[in-house]
file input.cif (mmCIF, C-alpha atoms)
data_target
loop_
_atom_site.label_atom_id
_atom_site.label_comp_id
_atom_site.auth_asym_id
_atom_site.auth_seq_id
_atom_site.Cartn_x
_atom_site.Cartn_y
_atom_site.Cartn_z
CA MET A 29 8.50 178.30 279.68
CA GLU A 30 8.60 176.56 276.32
CA PRO A 31 9.41 172.87 276.02
CA MET A 32 13.11 172.09 275.71
CA VAL A 33 14.41 170.53 272.52
CA ILE A 34 17.88 169.88 273.84
CA GLU A 35 18.85 169.08 277.42
CA VAL A 36 22.47 168.68 278.35
CA ARG A 37 23.10 167.42 281.86
CA GLY A 38 26.54 167.28 283.42
CA VAL A 39 28.23 166.38 280.16
CA LEU A 40 31.96 165.93 280.44
CA GLN A 41 34.43 165.00 277.74
CA LYS A 42 38.07 164.55 278.67
CA ARG A 43 40.84 164.80 276.13
CA LYS A 44 44.56 164.87 276.61
CA HIS A 45 44.86 168.62 276.19
CA PHE A 46 41.31 169.75 276.64
CA GLN A 47 38.37 169.18 278.91
CA LEU A 48 34.86 170.01 277.80
CA GLY A 49 32.40 170.54 280.59
CA PRO A 50 30.82 169.67 282.84
CA ILE A 51 28.13 171.35 280.78
CA ASP A 52 24.50 171.90 281.67
CA LEU A 53 22.39 173.50 279.00
CA GLN A 54 18.77 173.70 277.91
CA ILE A 55 17.75 174.84 274.44
CA PRO A 56 14.11 175.96 274.17
CA GLN A 57 11.85 175.19 271.24
CA GLY A 58 10.93 177.99 268.87
CA TYR A 59 14.07 180.08 269.24
CA VAL A 60 17.44 180.67 267.66
CA THR A 61 20.15 180.08 270.22
CA ALA A 62 23.69 181.08 269.34
CA ILE A 63 26.72 179.53 270.97
CA VAL A 64 29.41 182.17 271.08
CA GLY A 65 32.99 181.57 272.06
CA PRO A 66 36.55 181.78 270.82
CA ASN A 67 38.09 179.09 268.62
CA GLY A 68 38.84 175.91 270.49
CA SER A 69 36.32 176.52 273.24
CA GLY A 70 34.46 173.29 272.55
CA LYS A 71 31.55 174.40 270.38
CA SER A 72 32.03 171.77 267.67
CA SER A 73 32.69 169.04 270.22
CA LEU A 74 29.37 169.84 271.83
CA PHE A 75 27.57 169.43 268.50
CA ARG A 76 29.28 166.08 267.95
CA LEU A 77 28.18 164.90 271.38
CA MET A 78 24.60 165.94 270.69
CA LEU A 79 24.59 163.88 267.51
CA ASP A 80 26.21 160.87 269.13
CA LEU A 81 29.24 161.24 266.87
CA ALA A 82 31.30 161.26 270.05
CA LYS A 83 30.58 159.85 273.51
CA PRO A 84 30.77 161.86 276.69
CA ASP A 85 32.82 160.55 279.62
CA ALA A 86 30.03 161.54 281.96
CA GLY A 87 26.58 163.08 281.84
CA GLU A 88 23.79 162.74 279.31
CA ILE A 89 22.05 164.58 276.50
CA GLU A 90 18.40 164.46 275.51
CA LEU A 91 17.04 165.54 272.14
CA PHE A 92 13.25 165.85 271.84
CA GLY A 93 13.03 164.15 275.24
CA GLU A 94 14.93 161.11 274.04
CA ARG A 95 18.31 160.17 275.41
CA VAL A 96 21.13 160.36 272.87
CA GLY A 97 23.02 157.10 272.40
CA SER A 98 20.35 154.91 273.94
CA GLY A 99 19.48 152.77 270.94
CA ASP A 100 17.91 153.24 267.54
CA ASP A 101 17.94 156.97 266.92
CA THR A 102 16.81 156.94 263.26
CA MET A 103 13.52 158.66 263.99
CA MET A 104 15.20 161.24 266.18
CA LYS A 105 17.84 162.07 263.59
CA GLN A 106 15.26 162.45 260.88
CA ARG A 107 14.04 165.49 262.74
CA ILE A 108 17.47 167.14 262.69
CA GLY A 109 19.42 169.04 260.06
CA TYR A 110 23.14 169.41 260.69
CA VAL A 111 25.77 171.50 258.99
CA PRO A 112 29.19 170.50 260.34
CA GLU A 113 32.01 172.97 260.67
CA GLN A 114 33.93 171.39 257.84
CA ALA A 115 32.68 169.81 254.65
CA ILE A 116 33.23 166.07 254.48
CA ASP A 117 36.13 165.60 252.07
CA VAL A 118 35.44 161.98 251.09
CA GLU A 119 32.46 163.38 249.19
CA ASP A 120 34.60 165.66 247.05
CA SER A 121 34.19 163.55 243.94
CA LEU A 122 30.37 163.41 244.19
CA ARG A 123 28.21 165.74 242.18
CA ALA A 124 25.66 167.79 244.11
CA ASP A 125 22.67 165.80 242.91
CA GLN A 126 24.37 162.50 243.67
CA LYS A 127 24.88 163.53 247.23
CA ALA A 128 21.30 164.79 247.46
CA ALA A 129 20.00 161.49 246.08
CA PHE A 130 22.03 159.61 248.67
CA ILE A 131 21.05 161.81 251.60
CA SER A 132 17.37 161.89 250.66
CA GLN A 133 17.07 158.13 251.17
CA TRP A 134 17.47 158.63 254.89
CA TYR A 135 14.77 161.24 255.23
CA PRO A 136 11.16 160.24 254.50
CA SER A 137 10.19 163.90 254.71
CA TRP A 138 12.74 164.91 252.03
CA ASP A 139 11.12 167.66 250.00
CA LEU A 140 12.49 167.79 246.46
CA ASN A 141 10.78 171.09 245.66
CA ARG A 142 12.18 172.66 248.77
CA TYR A 143 15.65 171.34 247.96
CA GLN A 144 15.49 172.85 244.49
CA GLU A 145 14.09 176.11 245.72
CA LEU A 146 16.94 176.41 248.22
CA LEU A 147 19.54 175.66 245.56
CA ARG A 148 18.00 178.29 243.31
CA ARG A 149 17.93 180.86 246.05
CA PHE A 150 21.50 180.08 247.07
CA GLU A 151 22.61 179.99 243.41
CA VAL A 152 24.32 176.63 243.69
CA ASP A 153 25.56 175.05 240.45
CA THR A 154 24.53 171.41 240.83
CA SER A 155 26.53 170.22 237.85
CA LEU A 156 29.75 170.71 239.78
CA LYS A 157 31.50 168.09 241.81
CA LEU A 158 31.48 169.05 245.47
CA GLY A 159 35.27 169.25 245.52
CA ARG A 160 35.19 171.77 242.67
CA MET A 161 32.82 174.13 244.41
CA SER A 162 34.11 177.30 246.04
CA LYS A 163 34.08 177.25 249.82
CA GLY A 164 31.04 179.52 249.89
CA MET A 165 29.05 177.47 247.39
CA ARG A 166 29.85 174.25 249.21
CA ARG A 167 28.58 175.86 252.40
CA LYS A 168 25.34 176.94 250.78
CA PHE A 169 24.92 173.46 249.32
CA ASP A 170 25.44 171.88 252.75
CA LEU A 171 22.86 174.22 254.21
CA ALA A 172 20.34 173.38 251.49
CA ILE A 173 20.90 169.67 252.16
CA ALA A 174 20.39 170.20 255.89
CA MET A 175 17.14 172.10 255.38
CA ALA A 176 15.55 170.15 252.53
CA HIS A 177 13.74 167.68 254.78
CA ASN A 178 12.17 170.49 256.85
CA PRO A 179 13.76 169.42 260.13
CA ASP A 180 12.40 170.45 263.52
CA LEU A 181 15.90 171.26 264.71
CA LEU A 182 18.80 172.79 262.82
CA LEU A 183 22.31 172.45 264.20
CA LEU A 184 24.62 174.85 262.42
CA ASP A 185 28.32 174.89 263.16
CA GLU A 186 29.73 178.20 261.89
CA PRO A 187 27.21 178.29 259.04
CA SER A 188 28.52 181.40 257.36
CA SER A 189 32.21 180.59 257.11
CA GLY A 190 33.35 181.27 253.57
CA LEU A 191 30.20 183.12 252.50
CA ASP A 192 30.40 186.44 250.71
CA PRO A 193 28.18 189.24 252.07
CA ILE A 194 25.39 188.63 249.58
CA ALA A 195 25.29 184.89 250.16
CA TRP A 196 25.46 185.63 253.87
CA LYS A 197 22.31 187.75 253.69
CA THR A 198 20.54 185.04 251.72
CA MET A 199 21.46 182.56 254.40
CA ILE A 200 20.22 184.81 257.22
CA ASP A 201 16.99 185.27 255.32
CA ALA A 202 16.59 181.53 254.74
CA ILE A 203 16.99 180.88 258.46
CA HIS A 204 14.46 183.56 259.34
CA ARG A 205 11.97 182.00 256.93
CA TYR A 206 12.66 178.58 258.33
CA MET A 207 11.84 179.91 261.81
CA GLU A 208 8.69 181.70 260.69
CA ARG A 209 6.38 178.85 261.73
CA GLY A 210 7.33 179.41 265.34
CA ASP A 211 7.82 175.83 266.50
CA ARG A 212 11.23 175.14 264.99
CA THR A 213 14.56 175.48 266.71
CA VAL A 214 18.03 176.53 265.63
CA LEU A 215 21.21 176.01 267.59
CA MET A 216 24.17 177.62 265.91
CA ALA A 217 27.79 178.20 266.75
CA SER A 218 29.12 181.48 265.53
CA HIS A 219 31.67 184.13 266.22
CA ILE A 220 30.36 186.55 263.64
CA ILE A 221 28.91 189.26 265.86
CA ASP A 222 26.57 190.66 263.26
CA GLU A 223 25.17 187.24 262.53
CA VAL A 224 24.41 186.63 266.19
CA LYS A 225 22.84 190.06 266.50
CA ARG A 226 20.55 189.45 263.55
CA LEU A 227 19.56 185.89 264.21
CA ALA A 228 19.81 184.94 267.84
CA ASP A 229 17.13 185.12 270.49
CA TYR A 230 19.36 183.57 273.13
CA ILE A 231 23.13 183.61 273.48
CA VAL A 232 25.25 180.99 275.21
CA PHE A 233 28.86 181.90 275.99
CA ILE A 234 31.33 179.04 275.97
CA VAL A 235 34.95 179.62 276.96
CA HIS A 236 37.60 176.96 277.62
CA GLY A 237 34.98 174.20 277.54
CA ARG A 238 32.75 175.83 280.11
CA VAL A 239 29.37 177.49 279.71
CA LEU A 240 29.63 180.98 281.17
CA GLY A 241 25.94 181.65 280.92
CA MET A 242 22.87 181.78 278.72
CA TYR A 243 21.22 185.12 278.12
CA GLU A 244 18.30 186.68 276.34
CA LYS A 245 20.06 188.62 273.61
CA ASP A 246 18.28 191.98 273.90
CA ALA A 247 18.41 191.97 277.69
CA LEU A 248 22.12 191.12 277.58
CA LEU A 249 22.97 193.94 275.19
CA GLU A 250 20.95 196.36 277.28
CA SER A 251 22.59 195.53 280.56
CA TRP A 252 26.30 195.80 279.68
CA TYR A 253 27.53 199.37 279.67
CA SER A 254 30.70 201.27 280.16
CA PHE A 255 30.26 204.36 282.27
CA TYR A 256 32.68 207.26 282.17
CA ILE A 257 32.91 208.57 285.69
CA ASP A 258 34.71 211.57 287.10
CA THR A 259 35.80 210.70 290.63
CA GLY A 260 36.91 214.27 291.37
CA GLU A 261 38.95 214.38 294.57
CA GLY A 262 37.72 211.29 296.36
CA ALA A 263 38.05 207.58 295.66
CA VAL A 264 35.09 205.40 294.76
CA ASN A 265 34.62 201.85 295.96
CA TRP A 266 33.85 200.37 292.53
CA LYS A 267 33.36 196.87 293.87
CA ALA A 268 30.16 198.02 295.59
CA MET A 269 28.63 198.95 292.22
CA PRO A 270 25.98 196.49 291.01
CA GLY A 271 27.30 194.36 288.16
CA TYR A 272 30.82 195.80 288.50
CA ARG A 273 33.25 194.14 286.09
CA SER A 274 36.24 196.40 285.70
CA ALA A 275 37.48 199.94 286.17
CA GLU A 276 40.41 201.61 284.49
CA PRO A 277 41.76 205.16 284.60
CA ASN A 278 40.74 207.19 281.60
CA GLY A 279 42.81 210.35 282.03
CA GLY A 280 42.84 212.71 285.02
CA SER A 281 40.32 211.71 287.62
CA MET A 282 38.18 210.00 284.97
CA TYR A 283 37.48 206.28 285.05
CA LYS A 284 35.96 203.91 282.54
CA VAL A 285 33.87 201.43 284.49
CA ILE A 286 32.17 198.38 283.03
CA THR A 287 28.98 197.03 284.56
CA SER A 288 26.69 194.19 283.53
CA GLU A 289 23.72 195.67 285.40
CA ALA A 290 23.47 199.12 283.88
CA LEU A 291 20.13 200.11 285.37
CA GLU A 292 21.00 199.17 288.94
CA ALA A 293 24.51 200.57 288.58
CA GLU A 294 23.16 203.90 287.45
CA ARG A 295 20.81 204.04 290.43
CA TRP A 296 23.71 203.17 292.69
CA CYS A 297 25.76 206.02 291.22
CA THR A 298 22.97 208.51 291.77
CA ALA A 299 22.41 207.32 295.33
CA SER A 300 26.08 207.42 296.24
CA GLY A 301 26.71 210.80 294.60
CA VAL A 302 28.93 209.44 291.81
CA HIS A 303 28.64 211.51 288.67
CA ILE A 304 28.39 209.69 285.32
CA THR A 305 29.62 211.92 282.52
CA GLY A 306 29.03 209.50 279.67
CA LYS A 307 27.91 205.99 278.91
CA GLN A 308 28.19 203.55 276.09
CA LYS A 309 26.65 200.18 275.29
CA LEU A 310 29.05 197.30 274.97
CA GLU A 311 29.10 195.31 271.76
CA LEU A 312 28.82 191.55 271.91
CA ASP A 313 32.54 191.02 271.31
CA ASP A 314 33.41 193.41 274.15
CA ILE A 315 31.13 191.47 276.46
CA LEU A 316 32.77 188.23 275.37
CA THR A 317 36.22 189.72 275.96
CA ALA A 318 35.22 190.82 279.45
CA LEU A 319 33.86 187.36 280.24
CA ILE A 320 36.99 185.65 278.92
CA GLU A 321 39.17 187.92 281.02
CA GLN A 322 37.12 187.09 284.09
CA GLU A 323 37.32 183.37 283.34
CA ARG A 324 41.09 183.67 283.03
CA LEU A 325 41.28 185.28 286.46
CA ARG A 326 39.02 182.61 287.90
CA ILE A 327 41.20 179.79 286.55
CA ARG A 328 44.36 181.45 287.84
CA SER A 329 43.01 181.92 291.36
CA MET B 3 4.10 194.38 255.80
CA TRP B 4 6.62 196.99 256.83
CA ILE B 5 6.02 198.94 260.03
CA PRO B 6 7.87 202.22 260.51
CA ILE B 7 9.62 201.55 263.80
CA GLN B 8 12.95 203.24 264.32
CA ILE B 9 15.31 202.00 266.97
CA ASN B 10 17.67 204.42 268.61
CA GLU B 11 20.68 202.24 269.42
CA GLN B 12 22.21 204.88 271.65
CA SER B 13 19.11 205.38 273.75
CA ALA B 14 19.07 204.10 277.31
CA GLU B 15 15.40 203.20 276.85
CA PRO B 16 15.03 199.42 276.74
CA LEU B 17 14.39 198.06 273.27
CA TYR B 18 10.98 196.63 274.11
CA HIS B 19 9.90 200.00 275.46
CA GLN B 20 11.00 201.87 272.34
CA ILE B 21 9.13 199.45 270.11
CA GLU B 22 6.05 199.41 272.32
CA VAL B 23 5.75 203.20 272.48
CA GLN B 24 6.05 203.54 268.70
CA LEU B 25 3.68 200.72 267.88
CA ARG B 26 1.12 202.03 270.36
CA ALA B 27 1.34 205.47 268.78
CA LEU B 28 0.81 204.00 265.30
CA ILE B 29 -2.33 202.23 266.50
CA VAL B 30 -3.78 205.02 268.59
CA SER B 31 -3.19 207.60 265.88
CA GLY B 32 -5.07 205.40 263.43
CA GLN B 33 -2.04 204.99 261.13
CA LEU B 34 -2.55 201.29 261.65
CA ALA B 35 -6.27 200.88 261.12
CA GLU B 36 -8.55 198.49 262.96
CA GLY B 37 -8.27 194.99 261.57
CA THR B 38 -4.77 195.44 260.15
CA LEU B 39 -2.82 192.20 260.28
CA LEU B 40 0.53 192.81 261.93
CA PRO B 41 3.70 191.01 260.85
CA SER B 42 4.44 187.74 262.61
CA ILE B 43 6.62 187.96 265.69
CA ARG B 44 9.63 186.54 263.82
CA GLU B 45 9.11 188.91 260.90
CA LEU B 46 8.96 192.06 263.02
CA ALA B 47 11.92 190.85 265.09
CA GLN B 48 13.89 190.45 261.88
CA SER B 49 13.03 193.89 260.59
CA VAL B 50 13.90 195.76 263.80
CA LYS B 51 16.82 193.40 264.50
CA CYS B 52 15.79 192.28 267.93
CA SER B 53 14.83 188.93 269.38
CA VAL B 54 11.38 187.36 269.18
CA ILE B 55 11.30 187.49 272.96
CA THR B 56 11.18 191.28 272.85
CA ILE B 57 8.49 191.42 270.15
CA ARG B 58 6.37 188.82 271.93
CA ARG B 59 6.51 190.96 275.05
CA VAL B 60 5.40 194.05 273.11
CA TYR B 61 2.51 192.21 271.44
CA GLN B 62 1.45 190.79 274.79
CA ASP B 63 1.51 194.18 276.52
CA LEU B 64 -0.52 195.82 273.77
CA GLU B 65 -2.93 192.92 273.76
CA ASN B 66 -3.43 193.36 277.50
CA GLU B 67 -4.17 197.03 276.85
CA GLY B 68 -6.79 196.01 274.33
CA LEU B 69 -4.99 197.50 271.35
CA LEU B 70 -4.20 194.17 269.70
CA ARG B 71 -5.87 190.82 269.53
CA THR B 72 -4.42 187.51 268.50
CA ARG B 73 -6.39 184.88 266.67
CA GLN B 74 -4.87 181.44 267.04
CA GLY B 75 -3.42 180.34 263.75
CA THR B 76 -4.13 183.55 261.85
CA GLY B 77 -2.04 186.18 263.56
CA THR B 78 -2.14 189.41 265.47
CA PHE B 79 -4.54 192.18 264.45
CA VAL B 80 -5.14 195.78 265.43
CA ALA B 81 -8.22 195.85 267.68
CA LYS B 82 -10.99 198.39 267.72
CA VAL B 83 -9.76 201.36 269.68
CA GLY B 84 -12.62 203.10 271.47
CA ASP B 85 -12.73 206.91 271.49
CA ALA B 86 -12.23 207.07 275.26
CA MET B 87 -9.20 204.82 275.02
CA ARG B 88 -7.84 206.66 272.01
CA ASP B 89 -8.06 209.90 273.93
CA LEU B 90 -6.37 208.38 276.96
CA HIS B 91 -3.49 207.01 274.91
CA ARG B 92 -3.31 210.14 272.83
CA ARG B 93 -2.73 212.20 275.96
CA SER B 94 -0.45 209.72 277.70
CA ALA B 95 1.97 209.69 274.77
CA VAL B 96 2.16 213.48 274.89
CA ILE B 97 2.53 213.55 278.65
CA GLU B 98 5.38 211.09 278.46
CA ALA B 99 7.16 213.13 275.78
CA LEU B 100 6.71 216.34 277.76
CA GLU B 101 8.00 214.68 280.90
CA SER B 102 11.26 213.82 279.20
CA ALA B 103 11.43 217.36 277.79
CA VAL B 104 10.98 218.77 281.27
CA ASP B 105 13.69 216.41 282.53
CA ALA B 106 16.00 217.83 279.88
CA GLY B 107 15.12 221.33 281.05
CA LEU B 108 15.69 220.50 284.71
CA ARG B 109 19.07 219.03 283.90
CA VAL B 110 20.28 222.40 282.62
CA GLN B 111 18.46 224.29 285.38
CA CYS B 112 15.79 225.99 283.29
CA SER B 113 13.30 228.03 285.28
CA ASP B 114 9.57 227.35 284.89
CA ASP B 115 9.09 230.56 282.95
CA GLU B 116 11.95 229.71 280.65
CA MET B 117 10.47 226.30 279.91
CA MET B 118 7.00 227.71 279.25
CA GLU B 119 8.55 230.22 276.91
CA ILE B 120 10.43 227.51 275.03
CA LEU B 121 7.24 225.44 274.73
CA ARG B 122 5.34 228.42 273.34
CA ASP B 123 8.14 229.14 270.86
CA VAL B 124 8.28 225.56 269.65
CA LEU B 125 4.50 225.44 269.34
CA GLN B 126 4.39 228.63 267.36
CA ARG B 127 7.15 227.50 265.03
CA LYS B 128 5.57 224.07 264.41
CA ARG B 129 2.10 225.45 263.88
CA ALA B 130 3.43 228.00 261.43
CA ALA B 131 5.43 225.33 259.61
CA SER B 132 2.48 222.93 259.31
CA SER B 133 0.12 225.62 258.00
CA ASN B 134 2.76 226.61 255.47
CA PRO B 135 4.35 223.34 254.38
CA GLY B 136 6.33 224.96 251.56
CA GLY B 137 8.00 227.29 253.99
CA GLY B 138 10.76 225.00 255.16
CA ALA B 139 11.46 223.39 258.58
#

call {"tool": "encode", "arguments": {"input": "input.cif", "output": "structure tokens"}}
result
Amino acid sequence: MEPMVIEVRGVLQKRKHFQLGPIDLQIPQGYVTAIVGPNGSGKSSLFRLMLDLAKPDAGEIELFGERVGSGDDTMMKQRIGYVPEQAIDVEDSLRADQKAAFISQWYPSWDLNRYQELLRRFEVDTSLKLGRMSKGMRRKFDLAIAMAHNPDLLLLDEPSSGLDPIAWKTMIDAIHRYMERGDRTVLMASHIIDEVKRLADYIVFIVHGRVLGMYEKDALLESWYSFYIDTGEGAVNWKAMPGYRSAEPNGGSMYKVITSEALEAERWCTASGVHITGKQKLELDDILTALIEQERLRIRS
Amino acid sequence: MWIPIQINEQSAEPLYHQIEVQLRALIVSGQLAEGTLLPSIRELAQSVKCSVITIRRVYQDLENEGLLRTRQGTGTFVAKVGDAMRDLHRRSAVIEALESAVDAGLRVQCSDDEMMEILRDVLQRKRAASSNPGGGA
């Protein structure tokens, strides 16, 4: 296994109306990992904890093998690029180049050519004040700023919010190019399914402040299926099916059954004489919905 | 470099298997010549919209079979495919395709004779079409 860039161990953050964690998570070097979850599930809070912008009530986080919040983290932070969920509004009156000049002081590896190339590719008008930029342009500018010092780790919180489809493609492409070297790491929060499908190597599901699992993307999408099954006269004990998640009547003696272990489930059907009349892969959002539903049942019980 | 790999999203075949079969065929058939530099893992993953984990697995499998070799720092290249190996792979791809055709036949209860007849028909049609490319199909 690859070295881990981020290690989260037993991190817990308690708020009046919300508890994040306890979370355990390891983010491997050289991959794009997407954190997927509904709004308010704790994705942004987790980013803030990783950057020491908030303190956990318990547990610890390591970045590049160094414990977050344990002293001078200047060197560590120089290796990170971060795009927060929301643009920082106190900077609204700055012009793009003023902000770049300010930010660049903190990064010895700031690459002016790279910065300008990114702005060109993203078509950002640097003569504008940040507050005058459209939401999409501001986003692209923030991304350029986060990437201009060639960080080893990019933390992107909903990077594409506000982007039009063309700008979105440019962003996806920029991230692919950034990853090309093979030793860099991206951790991004997203609920844009297509974005996750195109970019992610690993997917982490977070719901209600809890990590429901981390999966290899392709393997995940290949293992969740809905089967259409004709039960005929008899009843089938669905719960015995490998990976069984849910079963609902689908007209007559037909059932729609969801499994997260398609291969094994299919073998089980053949062995137990259950006839599959049709099958369909689940999309990422359907998988998320199924997991949320399950989490809801777990909390209730 | 663009590599003509087509993913069938509806297929039950695992993604890595689909990619591996197609890439192997491209190499064995000589469409990708010896010494060709393949796209980086990230690049190919981007173009077929899968994860680098899947592509790495495909490259590793084909490297183990001797069809690819990786030079540290330069990339992954198509290796020299010996005649014996080419023949082996050439046949195994056909066998695999025929096996799934036979499966399709068995599913609808074709008899052996029926299947042989279909194979002969298809062969005849394809041969005729390829010797007369202007003639449609």

call {"tool": "resolve_selection", "arguments": {"input": "input.cif", "expression": "the PyMOL selection byres ((chain A and resi 87-104) around 7)", "output": "MDAnalysis selection string"}}
result
chainID A and resid 33:40 78 80 84 86 105:107

call {"tool": "resolve_selection", "arguments": {"input": "input.cif", "expression": "the PyMOL selection byres ((chain B) within 7 of (chain A))", "output": "mmCIF file with C-alpha atoms, in the coordinates of the input"}}
result
data_model
loop_
_atom_site.group_PDB
_atom_site.id
_atom_site.type_symbol
_atom_site.label_atom_id
_atom_site.label_comp_id
_atom_site.auth_asym_id
_atom_site.auth_seq_id
_atom_site.Cartn_x
_atom_site.Cartn_y
_atom_site.Cartn_z
ATOM 1 C CA PRO B 16 15.030 199.420 276.740
ATOM 2 C CA ARG B 44 9.630 186.540 263.820
ATOM 3 C CA GLN B 48 13.890 190.450 261.880
ATOM 4 C CA LYS B 51 16.820 193.400 264.500
ATOM 5 C CA CYS B 52 15.790 192.280 267.930
ATOM 6 C CA SER B 53 14.830 188.930 269.380
ATOM 7 C CA VAL B 54 11.380 187.360 269.180
ATOM 8 C CA ILE B 55 11.300 187.490 272.960
#

call {"tool": "resolve_selection", "arguments": {"input": "input.cif", "expression": "the PyMOL selection byres ((chain A and resi 304) around 9)", "output": "NGL selection string"}}
result
:A and (255-258 or 294 or 297-298 or 302-303 or 305-307)

call {"tool": "write_last_selection", "arguments": {"input": "input.cif", "atoms": "C-alpha atoms", "output": "PDB file, in the frame of the given file"}}
result
ATOM      1  CA  PHE A 255      30.260 204.360 282.270  1.00  0.00           C
ATOM      2  CA  TYR A 256      32.680 207.260 282.170  1.00  0.00           C
ATOM      3  CA  ILE A 257      32.910 208.570 285.690  1.00  0.00           C
ATOM      4  CA  ASP A 258      34.710 211.570 287.100  1.00  0.00           C
ATOM      5  CA  GLU A 294      23.160 203.900 287.450  1.00  0.00           C
ATOM      6  CA  CYS A 297      25.760 206.020 291.220  1.00  0.00           C
ATOM      7  CA  THR A 298      22.970 208.510 291.770  1.00  0.00           C
ATOM      8  CA  VAL A 302      28.930 209.440 291.810  1.00  0.00           C
ATOM      9  CA  HIS A 303      28.640 211.510 288.670  1.00  0.00           C
ATOM     10  CA  THR A 305      29.620 211.920 282.520  1.00  0.00           C
ATOM     11  CA  GLY A 306      29.030 209.500 279.670  1.00  0.00           C
ATOM     12  CA  LYS A 307      27.910 205.990 278.910  1.00  0.00           C
TER      13      LYS A 307
END

call {"tool": "atom_distance", "arguments": {"input": "input.cif", "atom1": "CA of Arg149 in chain A", "atom2": "CA of Arg166 in chain A"}}
result
14.0 Å

call {"tool": "closest_residue", "arguments": {"input": "input.cif", "among": "A:Leu122, A:Ala115, A:Val224, A:Leu181", "to": "Met165 in chain A", "atoms": "all atoms listed in the file"}}
result
A:Ala115

call {"tool": "residues_around", "arguments": {"input": "input.cif", "residues": "Leu158 in chain A", "least_positions_apart": "4", "cutoff": "7 Å", "atoms": "all atoms listed in the file", "output": "list in words"}}
result
Glu119, Asp120, Ser121, Leu122, Arg123, Ala124 and Arg166 of chain A

call {"tool": "closest_residue", "arguments": {"input": "input.cif", "among": "A:Val214, A:Ala195, A:Met282, A:Met161", "to": "Gln57 in chain A", "atoms": "all atoms listed in the file"}}
result
A:Val214

call {"tool": "residues_around", "arguments": {"input": "input.cif", "residues": "range 92-106 of chain B", "least_positions_apart": "5", "cutoff": "9 Å", "atoms": "all atoms listed in the file", "output": "ChimeraX atom specification"}}
result
/B:23,26-27,30-31,87,111-112,117

call {"tool": "closest_residue", "arguments": {"input": "input.cif", "among": "B:Leu40, B:Ala81, B:Ala35, B:Leu46", "to": "Ile7 in chain B", "atoms": "only C-alpha atoms"}}
result
B:Leu46

call {"tool": "axis_aligned_box", "arguments": {"input": "input.cif", "around": "range 106-125 of chain A", "padding_each_side": "5 Å", "output": "lines of an AutoDock Vina configuration file"}}
result
center_x = 25.1
center_y = 167.5
center_z = 252.5
size_x = 32.1
size_y = 21.0
size_z = 30.6

call {"tool": "atom_distance", "arguments": {"input": "input.cif", "atom1": "CA of Leu215 in chain A", "atom2": "CA of Gly271 in chain A"}}
result
28.2 Å

call {"tool": "closest_residue", "arguments": {"input": "input.cif", "among": "B:Val80, B:Ala86, B:Leu39, B:Ile29", "to": "Met3 in chain B", "atoms": "only C-alpha atoms"}}
result
B:Leu39

call {"tool": "atom_distance", "arguments": {"input": "input.cif", "atom1": "CA of Thr72 in chain B", "atom2": "CA of Asp180 in chain A"}}
result
24.5 Å

call {"tool": "closest_residue", "arguments": {"input": "input.cif", "among": "B:Asp63, B:Gln24, B:Leu34, B:Asn10", "to": "Lys82 in chain B", "atoms": "all atoms listed in the file"}}
result
B:Leu34

call {"tool": "closest_residue", "arguments": {"input": "input.cif", "among": "A:Leu183, A:Ala299, A:Ile173, A:Val285", "to": "Leu147 in chain A", "atoms": "all atoms listed in the file"}}
result
A:Ile173

call {"tool": "build_atoms", "arguments": {"input": "input.cif", "residues": "range 38-44 of chain B", "atoms": "N, CA, C and O atoms", "output": "mmCIF file, in the frame of the given file"}}
result
data_model
loop_
_atom_site.group_PDB
_atom_site.id
_atom_site.type_symbol
_atom_site.label_atom_id
_atom_site.label_comp_id
_atom_site.auth_asym_id
_atom_site.auth_seq_id
_atom_site.Cartn_x
_atom_site.Cartn_y
_atom_site.Cartn_z
ATOM 1 N N THR B 38 -6.033 195.653 260.862
ATOM 2 C CA THR B 38 -4.770 195.440 260.150
ATOM 3 C C THR B 38 -4.046 194.223 260.732
ATOM 4 O O THR B 38 -3.928 194.079 261.944
ATOM 5 N N LEU B 39 -3.587 193.363 259.837
ATOM 6 C CA LEU B 39 -2.820 192.200 260.280
ATOM 7 C C LEU B 39 -1.361 192.617 260.461
ATOM 8 O O LEU B 39 -0.719 193.103 259.531
ATOM 9 N N LEU B 40 -0.862 192.439 261.670
ATOM 10 C CA LEU B 40 0.530 192.810 261.930
ATOM 11 C C LEU B 40 1.470 191.710 261.438
ATOM 12 O O LEU B 40 1.061 190.573 261.260
ATOM 13 N N PRO B 41 2.741 192.051 261.227
ATOM 14 C CA PRO B 41 3.700 191.010 260.850
ATOM 15 C C PRO B 41 3.799 189.959 261.951
ATOM 16 O O PRO B 41 3.490 190.258 263.105
ATOM 17 N N SER B 42 4.241 188.768 261.584
ATOM 18 C CA SER B 42 4.440 187.740 262.610
ATOM 19 C C SER B 42 5.556 188.213 263.542
ATOM 20 O O SER B 42 6.326 189.109 263.200
ATOM 21 N N ILE B 43 5.616 187.574 264.698
ATOM 22 C CA ILE B 43 6.620 187.960 265.690
ATOM 23 C C ILE B 43 8.032 187.840 265.107
ATOM 24 O O ILE B 43 8.860 188.733 265.244
ATOM 25 N N ARG B 44 8.291 186.763 264.384
ATOM 26 C CA ARG B 44 9.630 186.540 263.820
ATOM 27 C C ARG B 44 9.942 187.605 262.755
ATOM 28 O O ARG B 44 11.052 188.115 262.668
#
